[in-house]
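Asker: My structure is stored as protein01.cif, with mmCIF, C-alpha atoms.
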```
data_upload
loop_
_atom_site.label_atom_id
_atom_site.label_comp_id
_atom_site.auth_asym_id
_atom_site.auth_seq_id
_atom_site.Cartn_x
_atom_site.Cartn_y
_atom_site.Cartn_z
CA MET A 9 -51.48 122.66 30.23
CA ASP A 10 -48.66 123.17 27.72
CA LYS A 11 -48.54 121.93 24.19
CA LYS A 12 -46.04 119.10 24.91
CA THR A 13 -48.21 117.68 27.69
CA ILE A 14 -51.27 117.70 25.42
CA MET A 15 -49.37 115.84 22.67
CA LEU A 16 -48.07 113.26 25.17
CA ILE A 17 -51.61 112.56 26.44
CA PHE A 18 -52.85 112.19 22.85
CA PHE A 19 -50.19 109.65 21.95
CA CYS A 20 -50.89 107.63 25.11
CA ILE A 21 -54.61 107.48 24.32
CA ALA A 22 -53.88 106.45 20.71
CA ALA A 23 -51.52 103.72 21.90
CA VAL A 24 -54.14 102.29 24.27
CA VAL A 25 -56.83 102.27 21.53
CA LEU A 26 -54.47 100.62 18.99
CA ALA A 27 -53.47 97.90 21.44
CA GLY A 28 -57.14 97.05 22.00
CA CYS A 29 -57.82 96.77 18.22
CA ILE A 30 -55.02 94.35 17.39
CA SER A 31 -55.46 92.04 20.37
CA GLN A 32 -57.06 88.65 19.45
CA THR A 33 -59.83 87.01 21.33
CA PRO A 34 -58.76 83.46 22.33
CA LEU A 35 -60.59 80.72 20.31
CA PRO A 36 -62.63 78.20 22.29
CA ALA A 37 -60.92 74.86 22.86
CA PRO A 38 -62.18 72.05 20.57
CA VAL A 39 -64.76 69.76 22.09
CA THR A 40 -63.74 66.10 21.99
CA THR A 41 -66.47 63.49 22.27
CA ALA A 42 -65.26 60.22 23.69
CA ILE A 43 -66.52 57.13 21.84
CA PRO A 44 -67.42 54.33 24.20
CA THR A 45 -65.29 51.26 23.73
CA ALA A 46 -65.93 47.76 24.84
CA PRO A 47 -64.50 46.96 28.24
CA VAL A 48 -61.98 44.18 28.59
CA THR A 49 -63.92 41.25 30.01
CA ILE A 50 -62.34 38.50 32.05
CA VAL A 51 -64.71 35.57 32.28
CA PRO A 52 -64.86 33.98 35.73
CA VAL A 53 -64.56 30.23 35.80
CA ASP A 54 -68.02 29.76 37.31
CA ALA A 55 -69.55 31.82 34.45
CA GLN A 56 -68.39 29.23 31.91
CA THR A 57 -70.33 26.22 33.16
CA CYS A 58 -73.00 24.97 30.75
CA THR A 59 -75.24 22.08 29.78
CA THR A 60 -76.00 22.66 26.08
CA ASN A 61 -74.59 24.79 23.25
CA ALA A 62 -77.53 27.18 23.60
CA ASP A 63 -76.26 28.16 27.07
CA CYS A 64 -73.15 29.81 25.62
CA VAL A 65 -72.62 33.25 24.04
CA PRO A 66 -69.57 35.44 23.24
CA ALA A 67 -68.00 36.82 26.44
CA GLN A 68 -66.82 40.12 24.90
CA CYS A 69 -68.63 42.77 22.88
CA CYS A 70 -65.99 43.45 20.21
CA HIS A 71 -63.88 40.72 18.58
CA PRO A 72 -64.72 38.16 21.27
CA THR A 73 -62.03 35.70 22.22
CA SER A 74 -63.95 33.48 24.66
CA CYS A 75 -67.44 32.35 25.61
CA ALA A 76 -69.62 32.52 28.71
CA ARG A 77 -73.11 31.58 29.90
CA GLN A 78 -76.10 33.64 28.77
CA ASP A 79 -76.56 35.18 32.21
CA ALA A 80 -72.92 36.35 32.29
CA LYS A 81 -72.82 38.02 28.87
CA PRO A 82 -71.71 41.69 28.84
CA VAL A 83 -73.95 44.67 28.11
CA CYS A 84 -72.94 45.88 24.64
CA THR A 85 -75.31 48.83 24.09
CA ASP A 86 -73.70 52.03 22.71
CA ILE A 87 -70.45 50.21 22.07
CA MET A 88 -68.54 50.98 18.85
CA CYS A 89 -66.62 48.06 17.29
CA THR A 90 -64.29 48.10 14.31
CA MET A 91 -65.47 46.30 11.16
CA SER A 92 -62.58 43.87 11.03
CA CYS A 93 -62.14 40.15 11.58
CA GLU A 94 -59.77 39.74 14.51
CA GLY A 95 -61.01 37.19 17.03
CA PRO A 96 -61.59 33.44 16.82
CA LEU A 97 -65.35 34.06 16.62
CA ASP A 98 -65.33 36.89 14.05
CA CYS A 99 -66.71 36.46 10.54
CA GLY A 100 -67.86 32.88 11.06
CA ALA A 101 -64.44 31.58 12.14
CA GLY A 102 -66.02 29.83 15.10
CA SER A 103 -68.99 29.67 17.44
CA CYS A 104 -69.72 29.31 21.13
CA GLY A 105 -70.61 25.86 22.35
CA CYS A 106 -70.64 23.65 25.41
CA THR A 107 -67.63 21.32 25.56
CA ASN A 108 -67.17 19.08 28.58
CA GLY A 109 -69.53 21.26 30.62
CA ARG A 110 -67.76 24.56 29.87
CA CYS A 111 -68.52 27.29 27.36
CA SER A 112 -65.72 27.40 24.81
CA VAL A 113 -64.91 28.47 21.27
CA ILE A 114 -65.65 25.81 18.65
CA GLN A 115 -63.63 26.34 15.49
CA VAL A 116 -65.36 25.81 12.15
CA ARG A 117 -63.83 22.96 10.20
CA PRO A 118 -63.01 23.71 6.56
CA THR A 119 -65.34 22.04 4.10
CA THR A 120 -63.78 19.90 1.40
CA LEU A 121 -65.78 19.81 -1.80
CA SER A 122 -65.79 16.54 -3.65
CA VAL A 123 -65.16 16.97 -7.35
CA VAL A 124 -67.12 14.66 -9.63
CA THR A 125 -65.08 13.96 -12.75
CA LYS A 126 -66.95 13.53 -16.01
CA THR A 127 -66.54 9.97 -17.23
CA SER A 128 -67.54 8.13 -20.39
CA VAL A 129 -67.10 4.94 -22.39
CA THR A 130 -65.92 4.91 -26.00
CA LEU A 131 -66.23 1.86 -28.27
CA THR A 132 -64.25 0.96 -31.39
CA ALA A 133 -65.52 -1.81 -33.69
CA SER A 134 -64.14 -3.57 -36.77
CA PRO A 135 -64.50 -4.87 -39.43
CA GLN A 136 -67.18 -2.69 -41.01
CA ARG A 137 -68.85 -5.74 -42.60
CA TYR A 138 -68.96 -9.21 -41.07
CA SER A 139 -70.30 -12.64 -41.91
CA PRO A 140 -69.70 -15.92 -40.03
CA ILE A 141 -68.25 -17.42 -43.20
CA MET A 142 -65.27 -15.05 -42.94
CA SER A 143 -62.13 -16.81 -41.73
CA SER A 144 -60.03 -13.74 -40.96
CA THR A 145 -61.88 -12.88 -37.74
CA PRO A 146 -64.15 -14.70 -35.28
CA GLY A 147 -66.54 -11.75 -35.24
CA ILE A 148 -66.74 -8.00 -34.96
CA GLY A 149 -64.05 -7.02 -32.49
CA ILE A 150 -65.12 -4.37 -29.96
CA THR A 151 -62.56 -2.43 -27.94
CA VAL A 152 -63.47 -0.35 -24.88
CA ASP A 153 -61.82 2.93 -23.83
CA ALA A 154 -62.51 4.09 -20.26
CA ASN A 155 -62.41 7.88 -20.16
CA GLY A 156 -61.81 9.52 -16.77
CA PHE A 157 -61.89 6.36 -14.63
CA ASP A 158 -59.95 3.18 -13.89
CA ALA A 159 -61.26 0.24 -15.93
CA ASP A 160 -59.64 -2.30 -13.58
CA ARG A 161 -61.80 -1.02 -10.72
CA SER A 162 -64.98 -1.03 -12.77
CA ARG A 163 -67.47 -3.63 -13.97
CA PHE A 164 -68.39 -3.71 -17.67
CA VAL A 165 -71.64 -5.40 -18.68
CA TRP A 166 -72.06 -6.37 -22.37
CA ASN A 167 -75.50 -6.98 -23.87
CA ALA A 168 -76.56 -7.71 -27.43
CA THR A 169 -80.09 -7.94 -28.81
CA HIS A 170 -78.96 -10.89 -30.97
CA GLY A 171 -75.94 -13.17 -31.15
CA LYS A 172 -73.18 -13.91 -28.62
CA PHE A 173 -69.81 -12.70 -27.43
CA PHE A 174 -66.50 -14.51 -27.84
CA THR A 175 -62.92 -14.14 -26.68
CA TRP A 176 -59.98 -14.63 -28.98
CA GLY A 177 -56.44 -13.89 -27.90
CA PRO A 178 -52.90 -14.11 -29.15
CA LEU A 179 -51.93 -16.81 -26.64
CA ASN A 180 -53.45 -19.75 -28.46
CA TYR A 181 -55.92 -18.05 -30.81
CA THR A 182 -58.72 -20.22 -29.47
CA VAL A 183 -62.22 -18.82 -29.88
CA THR A 184 -64.20 -19.14 -26.63
CA ASP A 185 -67.96 -18.61 -26.40
CA VAL A 186 -68.62 -16.44 -23.30
CA GLY A 187 -72.36 -15.98 -23.87
CA ASN A 188 -74.67 -12.99 -23.68
CA PRO A 189 -74.69 -10.94 -21.46
CA VAL A 190 -71.04 -10.84 -20.34
CA THR A 191 -69.32 -9.08 -17.42
CA ASN A 192 -65.62 -8.20 -17.42
CA HIS A 193 -63.22 -5.31 -16.73
CA GLY A 194 -63.34 -3.87 -20.23
CA GLU A 195 -61.28 -6.49 -22.06
CA LYS A 196 -61.87 -6.76 -25.81
CA LEU A 197 -64.66 -9.07 -26.97
CA TYR A 198 -65.91 -10.28 -30.34
CA TRP A 199 -69.55 -10.44 -31.37
CA SER A 200 -70.90 -13.06 -33.77
CA PHE A 201 -74.03 -15.08 -34.43
CA THR A 202 -74.94 -18.63 -35.38
CA GLN A 203 -78.69 -18.29 -35.77
CA LYS A 204 -80.49 -16.24 -38.38
CA PRO A 205 -82.44 -13.23 -37.10
CA ALA A 206 -86.18 -13.29 -36.63
CA SER A 207 -86.36 -10.15 -38.79
CA ILE A 208 -83.61 -8.51 -40.82
CA LEU A 209 -85.43 -5.20 -40.34
CA GLU A 210 -84.45 -5.09 -36.67
CA PRO A 211 -80.85 -3.89 -36.09
CA VAL A 212 -78.52 -5.56 -33.63
CA VAL A 213 -77.73 -3.24 -30.74
CA ILE A 214 -74.67 -4.02 -28.60
CA THR A 215 -74.51 -2.07 -25.33
CA VAL A 216 -71.53 -1.79 -22.99
CA THR A 217 -72.15 -0.20 -19.57
CA ALA A 218 -69.47 0.49 -16.95
CA THR A 219 -70.11 0.94 -13.23
CA ASP A 220 -67.78 1.53 -10.29
CA ASP A 221 -67.25 -1.71 -8.33
CA LYS A 222 -67.41 -0.03 -4.90
CA THR A 223 -69.98 2.75 -5.28
CA GLY A 224 -72.16 1.36 -8.07
CA ARG A 225 -71.95 4.70 -9.87
CA MET A 226 -72.43 4.40 -13.64
CA MET A 227 -69.23 5.58 -15.32
CA GLY A 228 -70.50 5.48 -18.87
CA SER A 229 -72.38 3.56 -21.55
CA ALA A 230 -72.06 3.22 -25.33
CA ASN A 231 -73.72 1.32 -28.17
CA VAL A 232 -72.70 -0.36 -31.41
CA VAL A 233 -75.51 -0.60 -33.98
CA LEU A 234 -75.37 -3.26 -36.71
CA VAL A 235 -77.82 -3.60 -39.62
CA TRP A 236 -78.52 -6.77 -41.54
CA GLU A 237 -77.30 -7.34 -45.06
CA GLY A 238 -79.49 -10.28 -45.95
CA ASP A 239 -79.72 -12.82 -43.14
CA ASN A 240 -76.08 -13.93 -43.09
CA ALA A 241 -74.11 -10.68 -42.81
CA VAL A 242 -74.16 -7.41 -40.88
CA MET A 243 -72.85 -3.92 -41.56
CA LEU A 244 -71.59 -1.48 -38.93
CA LYS A 245 -74.07 1.40 -38.98
CA ASP A 246 -73.31 3.51 -35.91
CA ILE A 247 -71.35 3.75 -32.66
CA ARG A 248 -72.81 6.06 -30.05
#
```
Kindly return the structure encoded in the file as structure tokens.
Answerer:
Amino acid sequence: MDKKTIMLIFFCIAAVVLAGCISQTPLPAPVTTAIPTAPVTIVPVDAQTCTTNADCVPAQCCHPTSCARQDAKPVCTDIMCTMSCEGPLDCGAGSCGCTNGRCSVIQVRPTTLSVVTKTSVTLTASPQRYSPIMSSTPGIGITVDANGFDADRSRFVWNATHGKFFTWGPLNYTVTDVGNPVTNHGEKLYWSFTQKPASILEPVVITVTATDDKTGRMMGSANVVLVWEGDNAVMLKDIR
């Protein structure tokens, strides 16, 4: 065998070995695991008949859109559902119930919260000192302010531990004895007395209480406290 033939055989062997070294082994194909999804369920008409709400359940596994009887509910084991609110029953939007003998979706009605407004009664009284011998006023005038409610739709009850209430207006400036207690809609009244107190150590407490005419709810209450100055005059001590 000549030298050229030997060299040719050597190069062929080297080429075969080199081709084997640089060839790549094919990578295995990725394994894909299928996640079970809920089947689309069409509820037959006869599977919707019911007698009570307890007979009815969601007709689909994920994001149910209709309801069916208990014995027609789907098998939902090993089913993956998305964590989103999509159907009329999701996230408390509705429930399954029996309406006219058929299982159906009952929508939840929105709840309206009633807001209770804080209310109160404020009293203003003058003059600071009063005696029946004064001619400038028929008594201590007491004005009512209704805070947070309509005085015209409320009933105001006036009580005094001594004395009486009077009205006195700009129409004819006639003083009218209206007694004790008195009920009105918060109009201004005057307090006075004609009899001496049993004890000048006991203050006169005037209380005005307002209640709603329809509901009877108390809207507020306030007091005027008068102390005796002798037995023929009073001084305004406190309003609370």
Asker: Selected by the PyMOL selection byres ((chain A and resi 182-187) around 10) in the shown coordinates: which residues, as JSON, numbers by chain?
Answerer: {"A": [145, 146, 147, 166, 167, 168, 171, 172, 173, 174, 175, 176, 177, 178, 179, 180, 181, 188, 189, 190, 191, 197, 198, 199, 200]}
Asker: Give as a list in words the residues that the PyMOL selection byres ((chain A and resi 220) around 9) matches when applied to the coordinates above.
Answerer: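 Listing what the PyMOL selection byres ((chain A and resi 220) around 9) selects in the shown file: Phe157, Asp158, Ala159, Arg161, Ser162, Arg163, Ala218, Thr219, Asp221, Lys222, Thr223, Gly224, Arg225, Met226 and Met227 of chain A.
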Asker: Any idea what's packed within 7 Å of segment 60-64 of chain A, counting all atoms listed in the file, ignoring anything in its chain fewer than 5 positions away? Could you give it as a PyMOL selection string?
Answerer: chain A and resi 75-78+104-106+111
Asker: Residues near Val216 of chain A, anyone? I mean within 6 Å using all atoms listed in the file, not counting same-chain ones fewer than 6 positions away, as an MDAnalysis selection string.
Answerer: chainID A and resid 165:166 229:230
Asker: Just how far from atom CA of Thr130 of chain A is atom CA of Thr202 of chain A, in Å to one decimal?
Answerer: 26.9 Å
Asker: Once the PyMOL selection byres ((chain A and resi 134) around 12) has been evaluated on this model, what residues remain selected, and can you format them as an MDAnalysis selection string?
Answerer: chainID A and resid 131:133 135:138 144:151 196:199 232 234 242:247
Asker: What does the structure give for the distance between atom CA of Ala241 of chain A and atom CA of Ile214 of chain A, in Å to one decimal?
Answerer: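 Result for atom CA of Ala241 of chain A versus atom CA of Ile214 of chain A: 15.7 Å, one decimal.
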Asker: Using only C-alpha atoms, which of A:Arg117, A:Ile87, A:Ala154, A:Arg110 sits nearest Glu195 of chain A?
Answerer: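 Using only C-alpha atoms, Glu195 of chain A sits closest to A:Ala154.
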Asker: From the options A:Val116, A:Val129, A:Cys99, A:Cys93, which residue's atoms come nearest to Val152 of chain A, counting all atoms listed in the file?
Answerer: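 Once distances to Val152 of chain A are computed over all atoms listed in the file, the minimum belongs to A:Val129.
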Asker: Given the choices A:Ile141, A:Val235, A:Leu97, A:Ala55, which gets closest to Glu210 of chain A if the distance is worked out from all atoms listed in the file?
Answerer: A:Val235
Asker: Smallest atom-to-atom distance to Ser128 of chain A: which of A:Glu94, A:Thr107, A:His170, A:Thr217, using all atoms listed in the file?
Answerer: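 Among A:Glu94, A:Thr107, A:His170, A:Thr217, it is A:Thr217 that comes nearest to Ser128 of chain A.
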Asker: Calculate how many Å separate atom CA of Asn240 of chain A from atom CA of Phe164 of chain A, rounding to one decimal.
Answerer: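 Interatomic distance, atom CA of Asn240 of chain A to atom CA of Phe164 of chain A: 28.5 Å.
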